[in-house]
Amino acid sequence: MKARVFITLKNGVLDPQGKAIHHALQGLGFGGVNDVRAGKLIELDLADGTKDAEIEDMCRKLLANTVIENFRIERLEDA
Amino acid sequence: MKSAVIVFPGSNCDRDLAVALEQVTGQKPAMVWHRESELPAGTDFIGIPGGFSYGDYLRSGAMAAQSPIMRAVAAAAERGVPVLGVCNGFQVLTEAGLLPGALMRNAGLHFVCRPVGLTVENSQSLFTSAYDSGEEIVIPVAHHDGNYQADPATLDRLEGEGRVAFRYREEVNGSARDIAGILNDSGNVLGMMPHPERMIEQAHGGTDGRKLFEGLLETVA
């Protein structure tokens, strides 16, 4: 069983990386980009039957820093 | 003073910190590998050095904060043992929850490596007693992720409780309220991005960092 964890910066947290990407896109002539936020995608290959609560625990303890980041878990059924 | 310096894979200022401690206290610190689960008996000061523990994988300091020795460091901090985290050590302390807030990528995106001007905001702490309040000092920084951020309520609390130990006197990395170093609520844990261990003898270009270790020696010993 696989799961994906999406880690994104909380609203209001400054994202210098996203800003730099935004600038680079503008430099390439993509004028229609209003804002860019950069995050992380972590793919987990898990033992069958792993509970949601356990994945959330992984996120809180290590995968995300909840001071500045949010996380979202997406299960990939039979991937 | 019986000090211990924690060494993670990727630490690279552990030796500098050990040399500074030995020069000022006259005693060689114990170098404690991250896999250890206990500190040497009688440890009365813990230093967490700069570097790139675990290659800064996931987030700076995130992996190191979960290593076995950090449980012993947290327990010692709880007992009141002074803990100093410099640079990556500061990042480790925030990731371990021993200090509030987080250190993010520098606002200018560049790695910043130069001496910077600081103001000593609190000269009453275990670590800063040898400085005068408001004293202006110069200490080098060398970091990519030194942009200190916390929510406004936390920042207000830090300022209100005198827990901002050092502030930048110039724009360095985008840190909220120019914060360069903070204390925990009991005042025995200090995290700072600048490297005091790199300013302890004239050959370094100054000795402004030396007073931190001298003050510590006086309060601990």
# chains A, B, ... in the order shown; residues from 1 in each chain; ligands from 1
>>> select_by_dssp(residues="region 42-173 of chain B", states="helix (DSSP H, G or I)", output="PyMOL selection string")
chain B and resi 53-56+64-66+68-79+88-95+152-160
>>> residues_around(residues="region 62-76 of chain A", least_positions_apart="4", cutoff="6 Å", atoms="only C-alpha atoms", output="PyMOL selection string")
chain A and resi 2-10+58
>>> select_by_dssp(residues="chain A", states="strand (DSSP E)", output="PyMOL selection string")
chain A and resi 2-9+40-45+69-76
>>> interface_residues(of="chain B", to="chain A", cutoff="10 Å", atoms="only C-alpha atoms", output="PDB file with N, CA and C atoms, in the first residue's frame")
ATOM      1  N   LEU B  58      15.526  16.554   4.551  1.00  0.00           N
ATOM      2  CA  LEU B  58      14.149  16.854   4.977  1.00  0.00           C
ATOM      3  C   LEU B  58      14.027  18.325   5.382  1.00  0.00           C
ATOM      4  N   ARG B  59      14.619  18.720   6.505  1.00  0.00           N
ATOM      5  CA  ARG B  59      14.739  20.134   6.910  1.00  0.00           C
ATOM      6  C   ARG B  59      15.983  20.207   7.766  1.00  0.00           C
ATOM      7  N   ALA B  62      16.223  18.452  11.266  1.00  0.00           N
ATOM      8  CA  ALA B  62      15.050  17.587  11.517  1.00  0.00           C
ATOM      9  C   ALA B  62      15.449  16.171  11.923  1.00  0.00           C
ATOM     10  N   MET B  63      16.439  15.613  11.226  1.00  0.00           N
ATOM     11  CA  MET B  63      16.832  14.228  11.524  1.00  0.00           C
ATOM     12  C   MET B  63      17.611  14.185  12.830  1.00  0.00           C
ATOM     13  N   ALA B  65      17.364  16.023  15.339  1.00  0.00           N
ATOM     14  CA  ALA B  65      16.481  16.227  16.496  1.00  0.00           C
ATOM     15  C   ALA B  65      15.891  14.908  16.984  1.00  0.00           C
ATOM     16  N   GLN B  66      15.844  13.889  16.099  1.00  0.00           N
ATOM     17  CA  GLN B  66      15.253  12.592  16.462  1.00  0.00           C
ATOM     18  C   GLN B  66      16.298  11.584  16.902  1.00  0.00           C
ATOM     19  N   THR B  94      15.302  23.879  17.679  1.00  0.00           N
ATOM     20  CA  THR B  94      13.913  24.220  17.320  1.00  0.00           C
ATOM     21  C   THR B  94      13.184  22.969  16.826  1.00  0.00           C
ATOM     22  N   GLU B  95      13.857  22.151  16.027  1.00  0.00           N
ATOM     23  CA  GLU B  95      13.206  20.925  15.526  1.00  0.00           C
ATOM     24  C   GLU B  95      12.896  19.961  16.664  1.00  0.00           C
ATOM     25  N   ALA B  96      13.717  19.986  17.716  1.00  0.00           N
ATOM     26  CA  ALA B  96      13.489  19.089  18.853  1.00  0.00           C
ATOM     27  C   ALA B  96      12.435  19.658  19.804  1.00  0.00           C
ATOM     28  N   GLY B  97      11.966  20.883  19.521  1.00  0.00           N
ATOM     29  CA  GLY B  97      10.941  21.480  20.362  1.00  0.00           C
ATOM     30  C   GLY B  97      11.494  22.080  21.653  1.00  0.00           C
ATOM     31  N   PRO B 100      11.190  27.599  20.605  1.00  0.00           N
ATOM     32  CA  PRO B 100      10.052  27.824  19.709  1.00  0.00           C
ATOM     33  C   PRO B 100      10.496  28.340  18.331  1.00  0.00           C
ATOM     34  N   GLY B 101       9.570  28.277  17.375  1.00  0.00           N
ATOM     35  CA  GLY B 101       9.840  28.850  16.062  1.00  0.00           C
ATOM     36  C   GLY B 101      10.563  27.894  15.138  1.00  0.00           C
ATOM     37  N   ALA B 102      11.008  28.432  14.000  1.00  0.00           N
ATOM     38  CA  ALA B 102      11.675  27.617  12.994  1.00  0.00           C
ATOM     39  C   ALA B 102      12.669  28.480  12.234  1.00  0.00           C
ATOM     40  N   LEU B 103      13.692  27.825  11.672  1.00  0.00           N
ATOM     41  CA  LEU B 103      14.690  28.540  10.869  1.00  0.00           C
ATOM     42  C   LEU B 103      14.510  28.153   9.422  1.00  0.00           C
ATOM     43  N   MET B 104      14.160  29.145   8.630  1.00  0.00           N
ATOM     44  CA  MET B 104      13.824  28.890   7.240  1.00  0.00           C
ATOM     45  C   MET B 104      14.935  29.376   6.326  1.00  0.00           C
ATOM     46  N   ARG B 105      14.785  29.079   5.037  1.00  0.00           N
ATOM     47  CA  ARG B 105      15.754  29.522   4.032  1.00  0.00           C
ATOM     48  C   ARG B 105      15.944  31.044   4.115  1.00  0.00           C
ATOM     49  N   ASN B 106      17.194  31.507   4.028  1.00  0.00           N
ATOM     50  CA  ASN B 106      17.468  32.948   4.059  1.00  0.00           C
ATOM     51  C   ASN B 106      16.597  33.672   3.040  1.00  0.00           C
ATOM     52  N   ALA B 107      16.089  34.826   3.443  1.00  0.00           N
ATOM     53  CA  ALA B 107      15.177  35.558   2.557  1.00  0.00           C
ATOM     54  C   ALA B 107      15.838  35.885   1.220  1.00  0.00           C
ATOM     55  N   GLY B 108      17.131  36.150   1.222  1.00  0.00           N
ATOM     56  CA  GLY B 108      17.838  36.481  -0.023  1.00  0.00           C
ATOM     57  C   GLY B 108      18.271  35.261  -0.802  1.00  0.00           C
ATOM     58  N   LEU B 109      17.967  34.076  -0.283  1.00  0.00           N
ATOM     59  CA  LEU B 109      18.268  32.774  -0.879  1.00  0.00           C
ATOM     60  C   LEU B 109      19.752  32.419  -0.921  1.00  0.00           C
ATOM     61  N   ASN B 147      16.828  32.143   8.743  1.00  0.00           N
ATOM     62  CA  ASN B 147      15.715  33.078   8.741  1.00  0.00           C
ATOM     63  C   ASN B 147      14.724  32.668   9.829  1.00  0.00           C
ATOM     64  N   GLN B 149      11.670  32.431  12.135  1.00  0.00           N
ATOM     65  CA  GLN B 149      10.251  32.778  12.019  1.00  0.00           C
ATOM     66  C   GLN B 149       9.453  32.107  13.133  1.00  0.00           C
ATOM     67  N   ALA B 150       8.489  32.837  13.648  1.00  0.00           N
ATOM     68  CA  ALA B 150       7.530  32.277  14.602  1.00  0.00           C
ATOM     69  C   ALA B 150       6.280  33.122  14.473  1.00  0.00           C
ATOM     70  N   ASP B 151       5.167  32.635  15.032  1.00  0.00           N
ATOM     71  CA  ASP B 151       3.938  33.427  14.908  1.00  0.00           C
ATOM     72  C   ASP B 151       4.067  34.678  15.793  1.00  0.00           C
ATOM     73  N   GLY B 174      16.633  37.904   6.810  1.00  0.00           N
ATOM     74  CA  GLY B 174      15.176  38.070   6.811  1.00  0.00           C
ATOM     75  C   GLY B 174      14.495  37.664   8.110  1.00  0.00           C
TER      76      GLY B 174
END
>>> residues_around(residues="Met1 (chain A)", least_positions_apart="6", cutoff="9 Å", atoms="only C-alpha atoms", output="number ranges by chain")
A: 44-50, 75-79
>>> write_last_selection(atoms="N, CA and C atoms", output="CSV table (one decimal), in the first residue's frame")
chain,number,residue,atom,x,y,z
A,44,LEU,N,5.3,7.1,0.5
A,44,LEU,CA,5.6,6.1,1.5
A,44,LEU,C,5.1,4.8,1.0
A,45,ASP,N,5.9,3.7,1.0
A,45,ASP,CA,5.4,2.4,0.7
A,45,ASP,C,5.2,1.7,2.1
A,46,LEU,N,4.0,1.4,2.4
A,46,LEU,CA,3.6,1.0,3.7
A,46,LEU,C,3.1,-0.4,3.8
A,47,ALA,N,3.2,-1.0,5.0
A,47,ALA,CA,2.7,-2.3,5.2
A,47,ALA,C,1.1,-2.2,5.1
A,48,ASP,N,0.5,-3.3,4.6
A,48,ASP,CA,-0.9,-3.2,4.5
A,48,ASP,C,-1.6,-3.1,5.8
A,49,GLY,N,-2.6,-2.3,5.9
A,49,GLY,CA,-3.3,-2.1,7.1
A,49,GLY,C,-2.8,-1.0,8.0
A,50,THR,N,-1.8,-0.2,7.5
A,50,THR,CA,-1.3,0.9,8.2
A,50,THR,C,-2.4,1.9,8.4
A,75,ARG,N,-4.0,8.5,0.2
A,75,ARG,CA,-3.7,7.0,0.0
A,75,ARG,C,-3.8,6.6,-1.4
A,76,LEU,N,-2.9,5.8,-1.9
A,76,LEU,CA,-3.0,5.3,-3.3
A,76,LEU,C,-3.4,3.9,-3.2
A,77,GLU,N,-4.7,3.6,-3.5
A,77,GLU,CA,-5.2,2.2,-3.3
A,77,GLU,C,-4.6,1.3,-4.4
A,78,ASP,N,-4.0,0.2,-3.9
A,78,ASP,CA,-3.4,-0.8,-4.8
A,78,ASP,C,-2.5,-0.3,-5.8
A,79,ALA,N,-1.7,0.7,-5.5
A,79,ALA,CA,-0.8,1.3,-6.4
A,79,ALA,C,0.4,0.4,-6.6
